[in-house]
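Here's upload.txt, which has compact mmCIF, C-alpha atoms and all ligand atoms:
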```
# COMPACT_ATOMS: atom_id res chain seq x y z
CA MET L 1 -7.64 -42.38 -44.27
CA GLN L 2 -5.25 -45.14 -43.28
CA GLN L 3 -1.74 -44.03 -42.41
CA LYS L 4 1.14 -45.13 -44.62
CA ILE L 5 3.26 -47.78 -42.91
CA ILE L 6 6.99 -47.59 -42.20
CA LEU L 7 8.87 -50.75 -41.27
CA VAL L 8 11.80 -50.22 -38.91
CA THR L 9 14.34 -53.03 -38.72
CA GLY L 10 16.33 -53.10 -35.50
CA GLY L 11 13.33 -51.38 -33.90
CA THR L 12 14.06 -53.09 -30.58
CA GLY L 13 17.63 -51.72 -30.65
CA ALA L 14 19.17 -48.35 -29.94
CA GLN L 15 19.05 -46.80 -33.41
CA GLY L 16 15.91 -48.42 -34.81
CA GLY L 17 14.22 -47.85 -31.44
CA SER L 18 14.94 -44.15 -31.70
CA VAL L 19 13.42 -44.07 -35.19
CA ALA L 20 10.35 -46.09 -34.20
CA LYS L 21 9.69 -43.89 -31.17
CA ALA L 22 10.12 -40.63 -33.09
CA LEU L 23 7.72 -41.82 -35.83
CA LEU L 24 5.19 -42.99 -33.25
CA ALA L 25 5.38 -39.66 -31.42
CA GLN L 26 4.87 -37.76 -34.66
CA ASN L 27 1.91 -39.94 -35.63
CA LYS L 28 2.15 -39.21 -39.36
CA PHE L 29 2.98 -42.80 -40.27
CA ALA L 30 1.95 -46.15 -38.84
CA VAL L 31 5.01 -47.97 -37.46
CA ARG L 32 5.84 -51.63 -37.85
CA ILE L 33 8.96 -53.11 -36.29
CA LEU L 34 10.82 -56.28 -37.19
CA THR L 35 12.23 -58.43 -34.40
CA ARG L 36 13.33 -62.00 -33.86
CA ASN L 37 11.59 -61.98 -30.50
CA ALA L 38 8.20 -60.33 -30.18
CA ASN L 39 8.16 -61.11 -26.45
CA SER L 40 11.23 -59.06 -25.56
CA GLN L 41 10.74 -56.10 -23.24
CA ASN L 42 11.66 -53.60 -25.97
CA ALA L 43 9.24 -55.18 -28.45
CA MET L 44 6.44 -55.11 -25.92
CA THR L 45 7.17 -51.48 -24.99
CA LEU L 46 6.96 -50.46 -28.64
CA LYS L 47 3.72 -52.38 -29.03
CA GLU L 48 2.30 -50.46 -26.08
CA LEU L 49 3.38 -47.23 -27.78
CA GLY L 50 1.38 -48.23 -30.86
CA ALA L 51 3.81 -50.13 -33.10
CA GLU L 52 2.83 -53.26 -34.94
CA VAL L 53 5.39 -55.93 -34.03
CA ILE L 54 6.24 -58.52 -36.65
CA THR L 55 8.52 -61.49 -36.17
CA GLY L 56 11.22 -62.12 -38.74
CA ASP L 57 14.92 -62.47 -39.29
CA MET L 58 17.24 -60.60 -41.62
CA ASN L 59 18.77 -63.96 -42.54
CA ASP L 60 15.40 -64.94 -43.99
CA ILE L 61 14.52 -62.83 -47.01
CA GLU L 62 10.95 -64.13 -47.17
CA SER L 63 10.31 -62.89 -43.64
CA LEU L 64 11.64 -59.47 -44.70
CA LYS L 65 9.31 -59.37 -47.70
CA THR L 66 6.37 -60.33 -45.48
CA ALA L 67 7.31 -57.59 -43.02
CA MET L 68 7.51 -55.02 -45.84
CA GLN L 69 4.15 -55.98 -47.36
CA ASP L 70 1.97 -52.87 -47.81
CA CYS L 71 4.67 -50.58 -46.43
CA TYR L 72 5.42 -47.12 -47.81
CA GLY L 73 8.85 -46.83 -46.23
CA VAL L 74 11.60 -48.79 -44.52
CA TYR L 75 14.26 -47.63 -42.04
CA GLY L 76 16.99 -50.25 -42.28
CA VAL L 77 19.56 -51.06 -39.58
CA THR L 78 21.89 -54.04 -39.81
CA ASN L 79 24.01 -55.07 -36.84
CA PHE L 80 27.68 -55.77 -37.54
CA TRP L 81 28.56 -56.30 -33.89
CA GLU L 82 26.33 -59.36 -33.62
CA HIS L 83 26.78 -60.87 -37.09
CA PHE L 84 30.16 -59.57 -38.31
CA GLU L 85 30.76 -60.48 -41.99
CA ASN L 86 27.23 -61.88 -42.27
CA GLU L 87 26.03 -58.28 -42.00
CA TYR L 88 26.59 -57.99 -45.74
CA GLN L 89 24.27 -60.88 -46.66
CA GLN L 90 21.62 -59.63 -44.23
CA GLY L 91 21.88 -56.16 -45.76
CA LYS L 92 21.58 -57.64 -49.24
CA ASN L 93 18.49 -59.55 -48.15
CA MET L 94 17.02 -56.29 -46.91
CA VAL L 95 17.83 -54.47 -50.16
CA HIS L 96 16.30 -57.27 -52.26
CA ALA L 97 13.16 -57.29 -50.10
CA VAL L 98 12.88 -53.49 -50.46
CA LYS L 99 13.16 -53.84 -54.23
CA ALA L 100 10.71 -56.75 -54.44
CA THR L 101 8.03 -55.01 -52.36
CA GLY L 102 8.30 -51.68 -54.21
CA ILE L 103 9.08 -49.55 -51.16
CA SER L 104 8.68 -45.82 -51.95
CA HIS L 105 11.32 -44.49 -49.53
CA PHE L 106 14.09 -46.55 -47.98
CA ILE L 107 16.34 -44.91 -45.38
CA PHE L 108 19.40 -47.10 -44.95
CA HIS L 109 21.85 -46.49 -42.15
CA THR L 110 25.35 -46.54 -43.52
CA LEU L 111 28.98 -45.55 -42.98
CA PRO L 112 31.73 -44.36 -45.32
CA ASP L 113 34.09 -46.83 -46.99
CA TYR L 114 37.09 -46.57 -44.63
CA ASN L 115 39.10 -49.06 -46.67
CA LYS L 116 38.76 -46.85 -49.74
CA LEU L 117 39.41 -43.64 -47.77
CA SER L 118 42.71 -45.11 -46.61
CA ASN L 119 43.62 -46.50 -50.05
CA GLY L 120 43.30 -50.04 -48.73
CA LYS L 121 45.57 -49.51 -45.72
CA TYR L 122 42.95 -49.85 -42.98
CA PRO L 123 40.13 -52.27 -43.89
CA THR L 124 37.27 -51.63 -41.47
CA PRO L 125 34.52 -54.16 -42.30
CA HIS L 126 31.75 -52.61 -40.16
CA CYS L 127 32.08 -49.44 -42.26
CA ASP L 128 33.18 -50.90 -45.59
CA MET L 129 30.33 -53.42 -45.77
CA LYS L 130 27.74 -50.73 -45.10
CA ALA L 131 29.28 -48.60 -47.85
CA ALA L 132 29.17 -51.60 -50.21
CA LEU L 133 25.50 -52.11 -49.34
CA GLN L 134 24.89 -48.46 -50.14
CA GLU L 135 26.43 -48.95 -53.60
CA TYR L 136 24.37 -52.10 -54.10
CA THR L 137 21.17 -50.20 -53.22
CA LYS L 138 22.05 -47.51 -55.77
CA LEU L 139 22.74 -50.15 -58.40
CA LEU L 140 19.19 -51.45 -58.02
CA ASN L 141 17.78 -47.92 -58.44
CA ILE L 142 15.98 -48.07 -55.12
CA PRO L 143 14.50 -44.74 -53.92
CA ALA L 144 16.78 -44.37 -50.91
CA THR L 145 18.39 -41.93 -48.50
CA PHE L 146 21.60 -43.01 -46.78
CA LEU L 147 22.18 -41.91 -43.21
CA GLN L 148 25.80 -41.95 -42.06
CA VAL L 149 25.47 -42.18 -38.31
CA ALA L 150 28.38 -40.85 -36.23
CA PHE L 151 29.89 -42.41 -33.09
CA TYR L 152 27.12 -42.52 -30.46
CA TYR L 153 27.50 -40.37 -27.32
CA GLU L 154 26.05 -43.47 -25.65
CA ASN L 155 29.33 -45.31 -26.28
CA PHE L 156 30.48 -43.58 -23.07
CA LEU L 157 27.91 -45.76 -21.28
CA ASN L 158 29.00 -49.10 -22.69
CA PHE L 159 31.89 -49.56 -25.15
CA PHE L 160 34.10 -46.64 -24.07
CA THR L 161 33.31 -46.06 -20.42
CA LEU L 162 35.52 -43.74 -18.37
CA GLN L 163 38.29 -45.42 -16.42
CA LYS L 164 39.72 -44.43 -13.07
CA ALA L 165 43.47 -43.82 -13.04
CA ALA L 166 45.77 -44.64 -10.14
CA ASP L 167 46.05 -40.91 -9.28
CA GLY L 168 42.27 -40.58 -8.81
CA THR L 169 41.62 -38.83 -12.11
CA TYR L 170 39.57 -40.35 -14.92
CA TYR L 171 40.24 -40.93 -18.57
CA PHE L 172 39.07 -42.41 -21.84
CA GLY L 173 41.34 -43.33 -24.70
CA PHE L 174 41.54 -44.47 -28.32
CA PRO L 175 43.53 -43.61 -31.48
CA GLN L 176 41.59 -40.49 -32.57
CA GLY L 177 44.44 -38.10 -31.70
CA ASN L 178 43.74 -34.37 -32.09
CA THR L 179 41.39 -34.82 -35.04
CA LYS L 180 37.78 -33.86 -34.44
CA LEU L 181 35.55 -36.83 -33.64
CA ALA L 182 31.97 -36.57 -34.90
CA MET L 183 29.42 -37.90 -32.41
CA VAL L 184 25.65 -37.98 -31.96
CA SER L 185 23.10 -39.19 -29.45
CA VAL L 186 21.53 -42.31 -30.91
CA GLU L 187 18.26 -41.06 -29.45
CA ASP L 188 18.36 -38.12 -31.87
CA ILE L 189 18.56 -40.25 -35.01
CA GLY L 190 14.80 -40.78 -34.93
CA GLY L 191 14.01 -37.07 -35.21
CA MET L 192 16.30 -36.81 -38.24
CA ALA L 193 14.82 -39.87 -39.95
CA ALA L 194 11.27 -38.63 -39.33
CA THR L 195 12.03 -35.35 -41.14
CA ILE L 196 13.72 -37.21 -44.01
CA PHE L 197 10.59 -39.35 -44.41
CA ASP L 198 8.58 -36.09 -44.55
CA TYR L 199 10.63 -34.78 -47.49
CA PRO L 200 11.11 -37.68 -49.92
CA ALA L 201 11.58 -35.50 -52.99
CA GLU L 202 14.39 -33.57 -51.30
CA TYR L 203 16.11 -36.53 -49.68
CA ILE L 204 15.82 -39.51 -52.02
CA GLY L 205 19.22 -40.04 -53.64
CA ARG L 206 21.11 -38.19 -50.89
CA THR L 207 23.65 -39.26 -48.29
CA VAL L 208 23.20 -37.39 -45.02
CA GLY L 209 25.44 -37.40 -41.95
CA ALA L 210 23.97 -37.64 -38.44
CA VAL L 211 26.25 -35.53 -36.24
CA GLY L 212 25.38 -33.71 -33.01
CA ALA L 213 28.92 -32.71 -32.00
CA ASP L 214 32.16 -32.37 -33.93
CA ASP L 215 35.06 -31.51 -31.67
CA THR L 216 38.36 -32.84 -30.38
CA CYS L 217 38.48 -35.51 -27.71
CA GLU L 218 40.32 -33.05 -25.46
CA LYS L 219 37.31 -30.77 -25.72
CA TYR L 220 34.97 -33.66 -24.97
CA ALA L 221 37.08 -34.50 -21.91
CA ALA L 222 36.66 -30.89 -20.73
CA VAL L 223 32.89 -31.12 -21.28
CA LEU L 224 32.75 -34.36 -19.27
CA SER L 225 34.94 -32.86 -16.52
CA LYS L 226 32.50 -29.96 -16.17
CA ALA L 227 29.37 -32.11 -16.28
CA LEU L 228 30.66 -34.68 -13.78
CA GLY L 229 32.71 -32.38 -11.57
CA LYS L 230 35.75 -34.66 -11.95
CA LYS L 231 39.09 -34.35 -13.72
CA ILE L 232 38.69 -36.32 -16.95
CA LYS L 233 41.41 -36.64 -19.58
CA TYR L 234 41.59 -37.99 -23.10
CA ASN L 235 44.50 -40.36 -23.72
CA TYR L 236 45.72 -40.70 -27.27
CA ILE L 237 46.47 -44.38 -27.74
CA PRO L 238 48.37 -44.88 -31.02
CA HIS L 239 46.84 -47.23 -33.58
CA ASP L 240 49.34 -50.07 -33.23
CA VAL L 241 49.15 -50.05 -29.44
CA TYR L 242 45.35 -50.16 -29.49
CA ALA L 243 45.26 -52.84 -32.21
CA ALA L 244 47.39 -55.11 -29.99
CA PHE L 245 44.91 -54.93 -27.07
CA ASP L 246 43.59 -58.29 -26.00
CA PHE L 247 39.99 -58.23 -27.20
CA PRO L 248 38.58 -59.54 -30.48
CA ALA L 249 37.57 -56.26 -32.19
CA ALA L 250 40.69 -54.30 -31.17
CA GLY L 251 42.10 -54.21 -34.72
CA GLU L 252 38.77 -53.18 -36.24
CA ILE L 253 38.29 -50.38 -33.71
CA ALA L 254 41.91 -49.22 -34.03
CA ASN L 255 41.43 -48.95 -37.80
CA THR L 256 38.19 -47.03 -37.36
CA PHE L 257 39.85 -44.29 -35.33
CA GLU L 258 43.00 -44.27 -37.44
CA VAL L 259 41.02 -43.62 -40.64
CA GLN L 260 39.09 -40.86 -38.89
CA ARG L 261 42.32 -39.37 -37.49
CA LEU L 262 44.06 -39.35 -40.85
CA TYR L 263 41.29 -38.89 -43.44
CA ILE L 264 38.20 -37.24 -41.89
CA PRO L 265 39.30 -33.83 -40.59
CA ASN L 266 35.83 -32.71 -39.54
CA ARG L 267 32.10 -33.17 -40.24
CA GLN L 268 30.89 -29.61 -39.69
CA ILE L 269 28.59 -29.59 -42.72
CA ASP L 270 26.92 -32.79 -41.53
CA MET L 271 26.44 -31.23 -38.11
CA ILE L 272 24.79 -28.12 -39.53
CA GLU L 273 22.39 -30.22 -41.61
CA SER L 274 21.64 -32.55 -38.69
CA TYR L 275 20.42 -29.69 -36.48
CA GLY L 276 18.27 -28.50 -39.38
CA LEU L 277 16.65 -31.92 -39.65
CA ASN L 278 16.24 -32.32 -35.90
CA PRO L 279 16.37 -29.02 -34.00
CA ASP L 280 15.92 -30.87 -30.70
CA MET L 281 19.22 -32.66 -31.15
CA LEU L 282 21.40 -32.72 -28.01
CA THR L 283 24.85 -31.16 -27.93
CA PHE L 284 27.42 -33.33 -26.18
CA GLU L 285 27.33 -30.91 -23.26
CA SER L 286 23.56 -31.22 -22.79
CA TRP L 287 23.74 -35.00 -23.24
CA ALA L 288 26.52 -35.28 -20.62
CA LYS L 289 24.56 -33.17 -18.12
CA LYS L 290 21.40 -35.20 -18.72
CA ASN L 291 23.25 -38.52 -18.40
CA LYS L 292 25.65 -37.61 -15.57
CA THR L 293 24.47 -40.44 -13.30
CA LYS L 294 24.57 -43.06 -16.05
CA ILE L 295 28.08 -42.03 -17.09
CA GLU L 296 29.23 -42.23 -13.47
CA GLN L 297 27.60 -45.61 -12.93
CA ALA L 298 29.42 -46.95 -16.00
CA ILE L 299 32.89 -45.88 -14.81
CA LYS L 300 35.41 -48.71 -14.66
CA SER L 301 37.45 -48.69 -11.49
CA GLU L 302 40.40 -50.68 -12.88
CA ALA L 303 43.07 -48.77 -14.75
CA VAL L 304 43.61 -50.64 -18.05
CA VAL L 305 46.01 -48.41 -19.97
P1 LIG V 1 21.50 -52.70 -30.99
O1 LIG V 1 20.95 -51.72 -30.02
O2 LIG V 1 22.35 -53.81 -30.49
O3 LIG V 1 20.26 -53.32 -31.79
C1 LIG V 1 20.41 -54.33 -32.74
C2 LIG V 1 19.07 -54.54 -33.41
O4 LIG V 1 19.25 -55.42 -34.55
C3 LIG V 1 18.03 -55.17 -32.52
O5 LIG V 1 16.83 -54.47 -32.68
C4 LIG V 1 17.88 -56.60 -33.07
O6 LIG V 1 16.55 -57.05 -32.99
C5 LIG V 1 18.21 -56.38 -34.53
N1 LIG V 1 18.73 -57.60 -35.16
C6 LIG V 1 19.96 -58.15 -35.00
N2 LIG V 1 20.06 -59.26 -35.73
C7 LIG V 1 18.88 -59.42 -36.38
C8 LIG V 1 18.41 -60.37 -37.30
N3 LIG V 1 19.15 -61.43 -37.70
N4 LIG V 1 17.15 -60.23 -37.79
C9 LIG V 1 16.37 -59.18 -37.37
N5 LIG V 1 16.78 -58.24 -36.52
C10 LIG V 1 18.02 -58.36 -36.02
O7 LIG V 1 22.35 -51.99 -32.12
P2 LIG V 1 22.21 -50.52 -32.77
O8 LIG V 1 23.23 -49.64 -32.15
O9 LIG V 1 20.80 -50.08 -32.81
O10 LIG V 1 22.67 -50.82 -34.26
C11 LIG V 1 23.88 -51.46 -34.50
C12 LIG V 1 24.49 -50.93 -35.78
O11 LIG V 1 24.75 -49.53 -35.65
C13 LIG V 1 25.83 -51.60 -36.11
O12 LIG V 1 25.82 -52.13 -37.41
C14 LIG V 1 26.84 -50.47 -35.97
O13 LIG V 1 27.91 -50.61 -36.87
C15 LIG V 1 26.00 -49.25 -36.26
N6 LIG V 1 26.54 -47.98 -35.72
C16 LIG V 1 26.96 -47.90 -34.44
C17 LIG V 1 27.52 -46.71 -33.97
C18 LIG V 1 28.06 -46.61 -32.56
O14 LIG V 1 28.70 -45.60 -32.25
N7 LIG V 1 27.82 -47.58 -31.69
C19 LIG V 1 27.59 -45.60 -34.79
C20 LIG V 1 27.14 -45.71 -36.12
C21 LIG V 1 26.63 -46.91 -36.56
P3 LIG V 1 16.03 -58.31 -32.11
O15 LIG V 1 17.13 -58.71 -31.18
O16 LIG V 1 14.81 -57.79 -31.42
O17 LIG V 1 15.72 -59.35 -33.12
```

Turn the structure described in the file into structure tokens.
Amino acid sequence: MQQKIILVTGGTGAQGGSVAKALLAQNKFAVRILTRNANSQNAMTLKELGAEVITGDMNDIESLKTAMQDCYGVYGVTNFWEHFENEYQQGKNMVHAVKATGISHFIFHTLPDYNKLSNGKYPTPHCDMKAALQEYTKLLNIPATFLQVAFYYENFLNFFTLQKAADGTYYFGFPQGNTKLAMVSVEDIGGMAATIFDYPAEYIGRTVGAVGADDTCEKYAAVLSKALGKKIKYNYIPHDVYAAFDFPAAGEIANTFEVQRLYIPNRQIDMIESYGLNPDMLTFESWAKKNKTKIEQAIKSEAVV
């Protein structure tokens, strides 16, 4: 019997790649990935692993419908950090294509509405637009599960690398304060999504959080100190100070942490469910040990704050 097909958008990226690889390893579904460039290294690697690679663009709804033809399921990732406010239209295109092709189970990555959580004080488009897309999906009665993915552990390798201070110690900093910060390895999202696809009756209509660790940044600094054998500190950078930093997304990122600091005290329930869905999920401690060299290689030598 032919396997049912799942289309993964963003399959060449971190999150979609994790989902595509987990589904391929499980071999219960056939995997199709959507990419703008079928010749990229990541696309070719997935093809070698057994994925069908289809060229398309989330700006082009017809290419999405073609990609979803004959599919049972879709795992949908949109990328704010490349397209900014156009993420909403791309997400809408995806939702319309899902509806038009009669997909049986759509897992849509999403985030909470931070603007609403803060009563309009801290608009955070990369979260708010995903939440709006979630509402739009519900409005169209699409059989969907929404996966609220926490801050990736992997951000310590790119967006929030450790910095070396003048006194020889190391630090990372943002406006999270003492509030617990939920995090997850992006590589563990795939195992969660694969289980959700296995249990459509239980998961259609639900919003699930993907969380592998839920602790304070001070605790994470202690975990990193132990794993790397270096003194690593967390610096609380207040919202307004961070928002004034000289890079384009500073305000957006400052708002993200401020909403979490003030309105999301913890995500323990999400963490418990995540380990149930993917028992192989990495704790931050095991991730830090496994990625010690990569974290060290990413360290910035210039003290910025
Ligand atoms: P990524 O590694 O940069 O991958 C982006 C993917 O999107 C690529 O596979 C790319 O495919 C695809 N893509 C981009 N534009 C496309 C288009 N117009 N048409 C078709 N495909 C397109 O990013 P990621 O981390 O997997 O996902 C980013 C999303 O995750 C963001 O929206 C972010 O808000 C969310 N998120 C991030 C975190 C975090 O902590 N970093 C946490 C939760 C959620 P090709 O280039 O091959 O076409």

Could I get the residues of stretch 72-160 of chain L with an atom no further than 12 Å from an atom of stretch 33-56 of chain L, each paired with its nearest atom pair and that distance in Å to one decimal, using only C-alpha atoms, sorted by chain and residue number, as a tab-separated table?
```
residue	atom	partner	partner_atom	distance
L:Gly73	CA	L:Ile33	CA	11.8
L:Val74	CA	L:Ile33	CA	9.7
L:Tyr75	CA	L:Ile33	CA	9.5
L:Gly76	CA	L:Leu34	CA	10.0
L:Val77	CA	L:Leu34	CA	10.5
L:Thr78	CA	L:Leu34	CA	11.6
L:Met94	CA	L:Leu34	CA	11.5
```

Considering all atoms listed in the file, give me a table of residues in chain L that are at most 9 Å from ligand LIG 1 (chain V), with the closest atom pair and distance in Å for each, as a tab-separated table.
```
residue	atom	partner	partner_atom	distance
L:Thr9	CA	V:LIG1	N5	6.2
L:Gly10	CA	V:LIG1	O5	3.2
L:Gly11	CA	V:LIG1	O5	4.8
L:Thr12	CA	V:LIG1	O5	3.7
L:Gly13	CA	V:LIG1	O3	3.3
L:Ala14	CA	V:LIG1	O9	3.7
L:Gln15	CA	V:LIG1	O9	3.8
L:Gly16	CA	V:LIG1	O9	5.5
L:Gly17	CA	V:LIG1	O9	7.1
L:Ser18	CA	V:LIG1	O9	8.4
L:Ile33	CA	V:LIG1	O5	8.8
L:Leu34	CA	V:LIG1	C9	6.3
L:Thr35	CA	V:LIG1	O17	3.8
L:Arg36	CA	V:LIG1	O17	3.6
L:Asn37	CA	V:LIG1	O16	5.4
L:Ala38	CA	V:LIG1	O16	7.2
L:Asn39	CA	V:LIG1	O16	8.9
L:Ser40	CA	V:LIG1	O16	7.0
L:Asn42	CA	V:LIG1	O16	7.6
L:Ala43	CA	V:LIG1	O16	6.8
L:Thr55	CA	V:LIG1	O17	8.1
L:Gly56	CA	V:LIG1	C9	6.1
L:Asp57	CA	V:LIG1	N4	3.5
L:Met58	CA	V:LIG1	N4	3.8
L:Asn59	CA	V:LIG1	N3	5.5
L:Asp60	CA	V:LIG1	N4	8.0
L:Leu64	CA	V:LIG1	C9	8.7
L:Val77	CA	V:LIG1	O10	6.2
L:Thr78	CA	V:LIG1	O12	5.0
L:Asn79	CA	V:LIG1	O12	3.5
L:Phe80	CA	V:LIG1	O12	4.1
L:Trp81	CA	V:LIG1	C13	5.9
L:Glu82	CA	V:LIG1	N2	6.6
L:His83	CA	V:LIG1	N2	7.0
L:Phe84	CA	V:LIG1	O12	8.7
L:Glu87	CA	V:LIG1	O12	7.7
L:Gln90	CA	V:LIG1	N3	7.2
L:His109	CA	V:LIG1	C21	7.4
L:Thr110	CA	V:LIG1	C21	7.1
L:Leu111	CA	V:LIG1	C21	7.0
L:His126	CA	V:LIG1	O13	5.4
L:Cys127	CA	V:LIG1	O13	6.9
L:Lys130	CA	V:LIG1	O12	8.0
L:Gln148	CA	V:LIG1	C20	7.2
L:Val149	CA	V:LIG1	C20	4.5
L:Ala150	CA	V:LIG1	C20	5.0
L:Phe151	CA	V:LIG1	O14	3.5
L:Tyr152	CA	V:LIG1	O14	3.9
L:Tyr153	CA	V:LIG1	O14	7.3
L:Glu154	CA	V:LIG1	O14	7.4
L:Asn155	CA	V:LIG1	O14	6.0
L:Phe159	CA	V:LIG1	N7	8.0
L:Met183	CA	V:LIG1	O14	7.7
L:Val184	CA	V:LIG1	O14	8.2
L:Ser185	CA	V:LIG1	O14	9.0
L:Val186	CA	V:LIG1	O8	7.6
L:Ala210	CA	V:LIG1	C20	9.0
```

Which is closer to L:Ile253 than all the others in L:Leu147, L:Leu162, L:Tyr122, L:Val223, using only C-alpha atoms?
L:Tyr122

Computed gap from atom CA of L:Cys71 to atom CA of L:His96 is 14.6 Å

Just the number, please: distance in Å from atom CA of L:Asn27 to atom CA of L:Glu62, one decimal.
28.3 Å

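Rounded to one decimal, atom CA of L:Ala144 and atom CA of L:Asp280 lie 24.3 Å from each other.
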
Just the residues within 10 Å of L:Tyr203, please, counting all atoms listed in the file, with nothing from its chain fewer than 4 positions along; format it as an MDAnalysis selection string.
chainID L and resid 105 107 143:146 195:199 207:208

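Counting all atoms listed in the file, the residue from L:Gly205, L:Ile6, L:Gly191, L:Thr256 that sits nearest to L:Pro125 is L:Thr256.
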
Counting all atoms listed in the file, which residues of stretch 237-293 of chain L fall within 10 Å of stretch 170-180 of chain L, and what is the closest atom pair for each with its distance in Å at one decimal, ordered by chain and rising number, as JSON lines?
```
{"residue": "L:Ile237", "atom": "CA", "partner": "L:Pro175", "partner_atom": "CA", "distance": 4.8}
{"residue": "L:Pro238", "atom": "CA", "partner": "L:Pro175", "partner_atom": "CA", "distance": 5.0}
{"residue": "L:His239", "atom": "CA", "partner": "L:Pro175", "partner_atom": "CA", "distance": 5.3}
{"residue": "L:Asp240", "atom": "CA", "partner": "L:Pro175", "partner_atom": "CA", "distance": 8.9}
{"residue": "L:Val241", "atom": "CA", "partner": "L:Pro175", "partner_atom": "CA", "distance": 8.8}
{"residue": "L:Tyr242", "atom": "CA", "partner": "L:Phe174", "partner_atom": "CA", "distance": 6.9}
{"residue": "L:Ala243", "atom": "CA", "partner": "L:Pro175", "partner_atom": "CA", "distance": 9.4}
{"residue": "L:Ile253", "atom": "CA", "partner": "L:Phe174", "partner_atom": "CA", "distance": 8.6}
{"residue": "L:Ala254", "atom": "CA", "partner": "L:Pro175", "partner_atom": "CA", "distance": 6.4}
{"residue": "L:Asn255", "atom": "CA", "partner": "L:Pro175", "partner_atom": "CA", "distance": 8.5}
{"residue": "L:Thr256", "atom": "CA", "partner": "L:Pro175", "partner_atom": "CA", "distance": 8.6}
{"residue": "L:Phe257", "atom": "CA", "partner": "L:Gln176", "partner_atom": "CA", "distance": 5.0}
{"residue": "L:Glu258", "atom": "CA", "partner": "L:Pro175", "partner_atom": "CA", "distance": 6.0}
{"residue": "L:Val259", "atom": "CA", "partner": "L:Gln176", "partner_atom": "CA", "distance": 8.7}
{"residue": "L:Gln260", "atom": "CA", "partner": "L:Gln176", "partner_atom": "CA", "distance": 6.8}
{"residue": "L:Arg261", "atom": "CA", "partner": "L:Gln176", "partner_atom": "CA", "distance": 5.1}
{"residue": "L:Leu262", "atom": "CA", "partner": "L:Thr179", "partner_atom": "CA", "distance": 7.8}
{"residue": "L:Tyr263", "atom": "CA", "partner": "L:Thr179", "partner_atom": "CA", "distance": 9.3}
{"residue": "L:Ile264", "atom": "CA", "partner": "L:Thr179", "partner_atom": "CA", "distance": 7.9}
{"residue": "L:Pro265", "atom": "CA", "partner": "L:Thr179", "partner_atom": "CA", "distance": 6.0}
{"residue": "L:Asn266", "atom": "CA", "partner": "L:Lys180", "partner_atom": "CA", "distance": 5.6}
{"residue": "L:Arg267", "atom": "CA", "partner": "L:Lys180", "partner_atom": "CA", "distance": 8.1}
{"residue": "L:Gln268", "atom": "CA", "partner": "L:Lys180", "partner_atom": "CA", "distance": 9.6}
```

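For the set L:Leu157, L:Ala221, L:Leu139, L:Ala213, the residue with the smallest atom-to-atom gap to L:Glu296 is L:Leu157, counting all atoms listed in the file.
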
For stretch 242-253 of chain L of the structure just presented, write N, CA and C atoms to a file, as a PDB file, in the first residue's frame.
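Written output follows (decode33.pdb):
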```pdb
ATOM      1  N   TYR L 242      17.409  47.495  25.839  1.00  0.00           N
ATOM      2  CA  TYR L 242      17.567  46.552  24.722  1.00  0.00           C
ATOM      3  C   TYR L 242      16.935  47.111  23.445  1.00  0.00           C
ATOM      4  N   ALA L 243      15.730  47.697  23.607  1.00  0.00           N
ATOM      5  CA  ALA L 243      14.998  48.216  22.442  1.00  0.00           C
ATOM      6  C   ALA L 243      15.787  49.319  21.727  1.00  0.00           C
ATOM      7  N   ALA L 244      16.657  50.004  22.475  1.00  0.00           N
ATOM      8  CA  ALA L 244      17.432  51.106  21.871  1.00  0.00           C
ATOM      9  C   ALA L 244      18.723  50.615  21.209  1.00  0.00           C
ATOM     10  N   PHE L 245      19.017  49.311  21.285  1.00  0.00           N
ATOM     11  CA  PHE L 245      20.221  48.790  20.628  1.00  0.00           C
ATOM     12  C   PHE L 245      20.153  49.064  19.131  1.00  0.00           C
ATOM     13  N   ASP L 246      21.335  49.147  18.534  1.00  0.00           N
ATOM     14  CA  ASP L 246      21.412  49.583  17.151  1.00  0.00           C
ATOM     15  C   ASP L 246      21.375  48.399  16.167  1.00  0.00           C
ATOM     16  N   PHE L 247      20.267  47.687  16.161  1.00  0.00           N
ATOM     17  CA  PHE L 247      20.053  46.714  15.088  1.00  0.00           C
ATOM     18  C   PHE L 247      18.551  46.671  14.806  1.00  0.00           C
ATOM     19  N   PRO L 248      18.164  46.326  13.586  1.00  0.00           N
ATOM     20  CA  PRO L 248      16.781  46.548  13.146  1.00  0.00           C
ATOM     21  C   PRO L 248      15.700  45.880  13.995  1.00  0.00           C
ATOM     22  N   ALA L 249      15.937  44.658  14.486  1.00  0.00           N
ATOM     23  CA  ALA L 249      14.858  43.952  15.193  1.00  0.00           C
ATOM     24  C   ALA L 249      14.917  44.158  16.706  1.00  0.00           C
ATOM     25  N   ALA L 250      15.720  45.122  17.171  1.00  0.00           N
ATOM     26  CA  ALA L 250      15.913  45.281  18.622  1.00  0.00           C
ATOM     27  C   ALA L 250      14.588  45.495  19.356  1.00  0.00           C
ATOM     28  N   GLY L 251      13.705  46.327  18.795  1.00  0.00           N
ATOM     29  CA  GLY L 251      12.427  46.612  19.446  1.00  0.00           C
ATOM     30  C   GLY L 251      11.548  45.372  19.511  1.00  0.00           C
ATOM     31  N   GLU L 252      11.522  44.635  18.407  1.00  0.00           N
ATOM     32  CA  GLU L 252      10.705  43.410  18.325  1.00  0.00           C
ATOM     33  C   GLU L 252      11.197  42.378  19.357  1.00  0.00           C
ATOM     34  N   ILE L 253      12.489  42.235  19.449  1.00  0.00           N
ATOM     35  CA  ILE L 253      13.047  41.235  20.369  1.00  0.00           C
ATOM     36  C   ILE L 253      12.871  41.693  21.822  1.00  0.00           C
TER      37      ILE L 253
END
```
